[in-house]
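File shown: protein_34.pdb. Contents: PDB, C-alpha atoms, pLDDT in the B column.
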MODEL        1
ATOM      1  CA  GLN G 491      80.460 111.427  85.816  1.00 82.00           C
ATOM      2  CA  VAL G 492      82.470 110.037  88.714  1.00 90.00           C
ATOM      3  CA  GLN G 493      84.110 112.475  91.112  1.00 93.00           C
ATOM      4  CA  LEU G 494      86.432 111.531  93.945  1.00 95.00           C
ATOM      5  CA  VAL G 495      87.370 113.918  96.725  1.00 95.00           C
ATOM      6  CA  GLU G 496      90.117 113.043  99.190  1.00 96.00           C
ATOM      7  CA  SER G 497      90.739 114.527 102.617  1.00 95.00           C
ATOM      8  CA  GLY G 498      92.745 113.838 105.752  1.00 97.00           C
ATOM      9  CA  GLY G 499      96.324 114.354 104.671  1.00 95.00           C
ATOM     10  CA  GLY G 500      98.795 116.436 106.625  1.00 97.00           C
ATOM     11  CA  LEU G 501     102.063 116.553 108.500  1.00 98.00           C
ATOM     12  CA  VAL G 502     102.741 113.978 111.208  1.00 98.00           C
ATOM     13  CA  GLN G 503     105.769 112.754 113.132  1.00 98.00           C
ATOM     14  CA  ALA G 504     107.164 109.287 112.567  1.00 98.00           C
ATOM     15  CA  GLY G 505     105.165 106.743 114.538  1.00 98.00           C
ATOM     16  CA  GLY G 506     102.001 108.798 114.289  1.00 98.00           C
ATOM     17  CA  SER G 507      98.697 108.105 112.573  1.00 98.00           C
ATOM     18  CA  LEU G 508      96.482 109.667 109.946  1.00 98.00           C
ATOM     19  CA  ARG G 509      93.180 108.666 108.379  1.00 98.00           C
ATOM     20  CA  LEU G 510      92.460 109.481 104.769  1.00 98.00           C
ATOM     21  CA  SER G 511      88.932 109.645 103.398  1.00 98.00           C
ATOM     22  CA  CYS G 512      87.661 109.569  99.833  1.00 97.00           C
ATOM     23  CA  THR G 513      84.050 110.297  98.955  1.00 94.00           C
ATOM     24  CA  ALA G 514      82.716 109.290  95.575  1.00 92.00           C
ATOM     25  CA  SER G 515      79.817 110.804  93.696  1.00 89.00           C
ATOM     26  CA  GLY G 516      78.126 109.902  90.463  1.00 81.00           C
ATOM     27  CA  SER G 517      78.778 106.180  90.723  1.00 70.00           C
ATOM     28  CA  ILE G 518      77.215 102.904  91.853  1.00 72.00           C
ATOM     29  CA  PHE G 519      79.691 102.832  94.661  1.00 75.00           C
ATOM     30  CA  SER G 520      78.927  99.473  96.244  1.00 78.00           C
ATOM     31  CA  ILE G 521      80.088  97.427  93.260  1.00 81.00           C
ATOM     32  CA  ASP G 522      83.220  99.390  92.438  1.00 89.00           C
ATOM     33  CA  THR G 523      86.724  98.515  93.513  1.00 93.00           C
ATOM     34  CA  MET G 524      88.288 101.375  95.401  1.00 94.00           C
ATOM     35  CA  GLY G 525      91.929 101.918  96.154  1.00 96.00           C
ATOM     36  CA  TRP G 526      94.584 104.232  97.422  1.00 98.00           C
ATOM     37  CA  TYR G 527      97.763 104.902  95.479  1.00 98.00           C
ATOM     38  CA  ARG G 528     100.693 107.115  96.344  1.00 98.00           C
ATOM     39  CA  GLN G 529     103.395 108.913  94.459  1.00 98.00           C
ATOM     40  CA  ALA G 530     106.557 110.303  95.983  1.00 96.00           C
ATOM     41  CA  PRO G 531     108.689 112.882  94.132  1.00 92.00           C
ATOM     42  CA  GLY G 532     110.703 111.226  91.380  1.00 94.00           C
ATOM     43  CA  LYS G 533     108.947 107.891  91.801  1.00 96.00           C
ATOM     44  CA  GLN G 534     106.155 106.072  90.016  1.00 97.00           C
ATOM     45  CA  ARG G 535     102.672 105.944  91.401  1.00 97.00           C
ATOM     46  CA  GLU G 536     102.168 102.737  93.367  1.00 98.00           C
ATOM     47  CA  LEU G 537      99.238 100.850  94.828  1.00 98.00           C
ATOM     48  CA  VAL G 538      98.965 101.154  98.592  1.00 98.00           C
ATOM     49  CA  ALA G 539      95.725  99.288  99.259  1.00 98.00           C
ATOM     50  CA  ALA G 540      92.514  98.289  97.515  1.00 98.00           C
ATOM     51  CA  ILE G 541      89.109  96.978  98.505  1.00 97.00           C
ATOM     52  CA  THR G 542      86.551  95.312  96.256  1.00 93.00           C
ATOM     53  CA  GLY G 543      82.814  95.790  96.368  1.00 89.00           C
ATOM     54  CA  GLY G 544      82.642  92.533  98.322  1.00 90.00           C
ATOM     55  CA  GLY G 545      85.145  93.767 100.891  1.00 93.00           C
ATOM     56  CA  ARG G 546      88.191  91.805  99.779  1.00 96.00           C
ATOM     57  CA  THR G 547      91.385  93.760 100.447  1.00 98.00           C
ATOM     58  CA  ASN G 548      94.976  93.736  99.319  1.00 97.00           C
ATOM     59  CA  TYR G 549      97.950  95.775 100.452  1.00 98.00           C
ATOM     60  CA  ALA G 550     101.426  96.682  99.337  1.00 98.00           C
ATOM     61  CA  ASP G 551     103.996  94.711 101.316  1.00 98.00           C
ATOM     62  CA  SER G 552     105.457  97.943 102.638  1.00 97.00           C
ATOM     63  CA  VAL G 553     102.251  98.869 104.483  1.00 98.00           C
ATOM     64  CA  LYS G 554     100.924  95.485 105.621  1.00 98.00           C
ATOM     65  CA  GLY G 555     100.215  95.486 109.327  1.00 98.00           C
ATOM     66  CA  ARG G 556     100.284  99.296 109.507  1.00 98.00           C
ATOM     67  CA  PHE G 557      97.564 100.490 107.109  1.00 98.00           C
ATOM     68  CA  THR G 558      93.922  99.435 106.921  1.00 98.00           C
ATOM     69  CA  ILE G 559      91.533 100.148 104.072  1.00 98.00           C
ATOM     70  CA  SER G 560      87.783 100.118 104.665  1.00 97.00           C
ATOM     71  CA  ARG G 561      84.626 101.384 103.043  1.00 95.00           C
ATOM     72  CA  ASP G 562      81.209 102.662 104.051  1.00 93.00           C
ATOM     73  CA  ASN G 563      78.892 102.093 101.109  1.00 89.00           C
ATOM     74  CA  ALA G 564      76.091 104.081 102.737  1.00 89.00           C
ATOM     75  CA  LYS G 565      78.361 107.137 102.712  1.00 91.00           C
ATOM     76  CA  ASN G 566      80.058 106.370  99.382  1.00 90.00           C
ATOM     77  CA  THR G 567      83.336 106.693 101.241  1.00 93.00           C
ATOM     78  CA  VAL G 568      86.539 104.697 101.445  1.00 96.00           C
ATOM     79  CA  TYR G 569      89.060 105.171 104.236  1.00 98.00           C
ATOM     80  CA  LEU G 570      92.741 104.510 104.735  1.00 98.00           C
ATOM     81  CA  GLN G 571      93.828 104.279 108.351  1.00 98.00           C
ATOM     82  CA  MET G 572      97.575 104.736 108.518  1.00 98.00           C
ATOM     83  CA  ASN G 573      99.392 103.846 111.730  1.00 98.00           C
ATOM     84  CA  SER G 574     103.073 103.679 112.646  1.00 98.00           C
ATOM     85  CA  LEU G 575     103.869 106.088 109.851  1.00 98.00           C
ATOM     86  CA  LYS G 576     107.417 106.262 108.542  1.00 98.00           C
ATOM     87  CA  PRO G 577     109.233 109.024 106.656  1.00 97.00           C
ATOM     88  CA  GLU G 578     109.205 106.778 103.587  1.00 97.00           C
ATOM     89  CA  ASP G 579     105.400 106.956 103.600  1.00 98.00           C
ATOM     90  CA  THR G 580     105.694 110.611 102.577  1.00 98.00           C
ATOM     91  CA  ALA G 581     103.873 111.055  99.261  1.00 98.00           C
ATOM     92  CA  ALA G 582     100.812 112.395  97.549  1.00 98.00           C
ATOM     93  CA  TYR G 583      98.002 109.898  98.112  1.00 98.00           C
ATOM     94  CA  TYR G 584      95.377 109.407  95.427  1.00 98.00           C
ATOM     95  CA  CYS G 585      91.992 107.764  95.617  1.00 97.00           C
ATOM     96  CA  ASN G 586      91.096 105.456  92.732  1.00 96.00           C
ATOM     97  CA  LEU G 587      87.860 103.886  91.531  1.00 94.00           C
ATOM     98  CA  LYS G 588      87.838 101.049  89.012  1.00 91.00           C
ATOM     99  CA  ARG G 589      84.753 100.199  86.991  1.00 86.00           C
ATOM    100  CA  GLY G 590      85.314  97.722  84.241  1.00 84.00           C
ATOM    101  CA  LEU G 591      88.140  99.092  82.111  1.00 88.00           C
ATOM    102  CA  SER G 592      87.718 102.645  83.430  1.00 89.00           C
ATOM    103  CA  ASN G 593      89.830 104.281  86.103  1.00 92.00           C
ATOM    104  CA  TYR G 594      88.879 107.418  87.973  1.00 94.00           C
ATOM    105  CA  TRP G 595      91.213 109.466  90.161  1.00 96.00           C
ATOM    106  CA  GLY G 596      90.958 112.084  92.847  1.00 97.00           C
ATOM    107  CA  ARG G 597      93.238 115.098  92.918  1.00 97.00           C
ATOM    108  CA  GLY G 598      95.311 113.729  95.772  1.00 97.00           C
ATOM    109  CA  THR G 599      96.140 114.664  99.332  1.00 97.00           C
ATOM    110  CA  GLN G 600      99.650 115.173 100.675  1.00 98.00           C
ATOM    111  CA  VAL G 601     100.996 113.084 103.536  1.00 98.00           C
ATOM    112  CA  THR G 602     104.291 114.181 105.052  1.00 98.00           C
ATOM    113  CA  VAL G 603     105.972 112.172 107.800  1.00 98.00           C
ATOM    114  CA  SER G 604     108.813 113.873 109.644  1.00 97.00           C
ATOM    115  CA  SER G 605     111.607 111.921 111.315  1.00 94.00           C
TER     116      SER G 605
ENDMDL
END

Represent the structure from my file as structure tokens, please.
Amino acid sequence: QVQLVESGGGLVQAGGSLRLSCTASGSIFSIDTMGWYRQAPGKQRELVAAITGGGRTNYADSVKGRFTISRDNAKNTVYLQMNSLKPEDTAAYYCNLKRGLSNYWGRGTQVTVSS
């Protein structure tokens, strides 16, 4: 049974930074693709960033150059460093683990960016 627990959300002013963390349990973490998604009120959930077991990354165009995804396999943890935050980054952020055809989700952590 895979469990994902996010932390690190909060309220920050525009231009500020936050780092999200997601710790996984119950999985062979090093071979799984991990990602961060976000969902703003009234909008669909969207991919923010993902990282494969081999360390390959991809980002939404809206966050390229501002956000960085990384992972520490020894700690079963994936991180999302968010810099130069904008009010439009305000959303609930969800950690995701993909294994084959299965998707696992955390409960989410709220990020609010004030202007």

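Minimum atom-to-atom distance to Gly545 in chain G, evaluated using all atoms listed in the file, belongs to G:Gly525 out of G:Gly525, G:Gly506, G:Phe557, G:Gly516.
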
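Taking CA of Tyr527 in chain G as the reference point, CA of Val553 in chain G is found at 11.7 Å.
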
Gln503 in chain G: which residues within 12 Å, counting all atoms listed in the file, same-chain residues fewer than 3 positions away excluded, as a PDB file with C-alpha atoms, in the coordinates of the input?
ATOM      1  CA  GLY G 500      98.795 116.436 106.625  1.00 97.00           C
ATOM      2  CA  GLY G 506     102.001 108.798 114.289  1.00 98.00           C
ATOM      3  CA  SER G 507      98.697 108.105 112.573  1.00 98.00           C
ATOM      4  CA  LEU G 508      96.482 109.667 109.946  1.00 98.00           C
ATOM      5  CA  ASN G 573      99.392 103.846 111.730  1.00 98.00           C
ATOM      6  CA  SER G 574     103.073 103.679 112.646  1.00 98.00           C
ATOM      7  CA  LEU G 575     103.869 106.088 109.851  1.00 98.00           C
ATOM      8  CA  LYS G 576     107.417 106.262 108.542  1.00 98.00           C
ATOM      9  CA  PRO G 577     109.233 109.024 106.656  1.00 97.00           C
ATOM     10  CA  GLU G 578     109.205 106.778 103.587  1.00 97.00           C
ATOM     11  CA  ASP G 579     105.400 106.956 103.600  1.00 98.00           C
ATOM     12  CA  THR G 580     105.694 110.611 102.577  1.00 98.00           C
ATOM     13  CA  VAL G 601     100.996 113.084 103.536  1.00 98.00           C
ATOM     14  CA  THR G 602     104.291 114.181 105.052  1.00 98.00           C
ATOM     15  CA  VAL G 603     105.972 112.172 107.800  1.00 98.00           C
ATOM     16  CA  SER G 604     108.813 113.873 109.644  1.00 97.00           C
ATOM     17  CA  SER G 605     111.607 111.921 111.315  1.00 94.00           C
TER      18      SER G 605
END

If we count all atoms listed in the file, what is near Ala530 in chain G at a cut-off of 8 Å, once residues fewer than 4 positions away on the same chain are taken out, given as a PyMOL selection string? chain G and resi 534-535+580-582

Translate the PyMOL selection byres ((chain G and resi 567) around 12), as applied to the file shown, into an explicit residue set as JSON, numbers by chain. {"G": [493, 494, 495, 496, 497, 510, 511, 512, 513, 514, 515, 517, 518, 519, 520, 522, 523, 524, 525, 541, 543, 559, 560, 561, 562, 563, 564, 565, 566, 568, 569, 570, 585, 586, 587]}

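Among the candidate residues G:Ile521, G:Met572, G:Val502, G:Leu591, the one lying nearest to Thr558 in chain G is G:Met572, with distances computed using only C-alpha atoms.
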
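You will find CA of Tyr584 in chain G at 16.3 Å from CA of Leu501 in chain G.
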
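Taking CA of Gly498 in chain G as the reference point, CA of Tyr583 in chain G is found at 10.1 Å.
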
Coordinates of box centre and edge lengths for range 501-505 of chain G, 6 Å on every side, axis-aligned, as AutoDock Vina command-line options:
--center_x 104.6 --center_y 111.6 --center_z 111.5 --size_x 17.1 --size_y 21.8 --size_z 18.0

Evaluate the PyMOL selection byres ((chain G and resi 538) around 6) and record the selected residues as a ChimeraX atom specification, following the chain and residue labels used in the document. /G:526-527,537,539,549-550

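Using only C-alpha atoms, the nearest neighbour of Asp551 in chain G within the list G:Gly596, G:Glu536, G:Lys588, G:Gln571 is G:Glu536.
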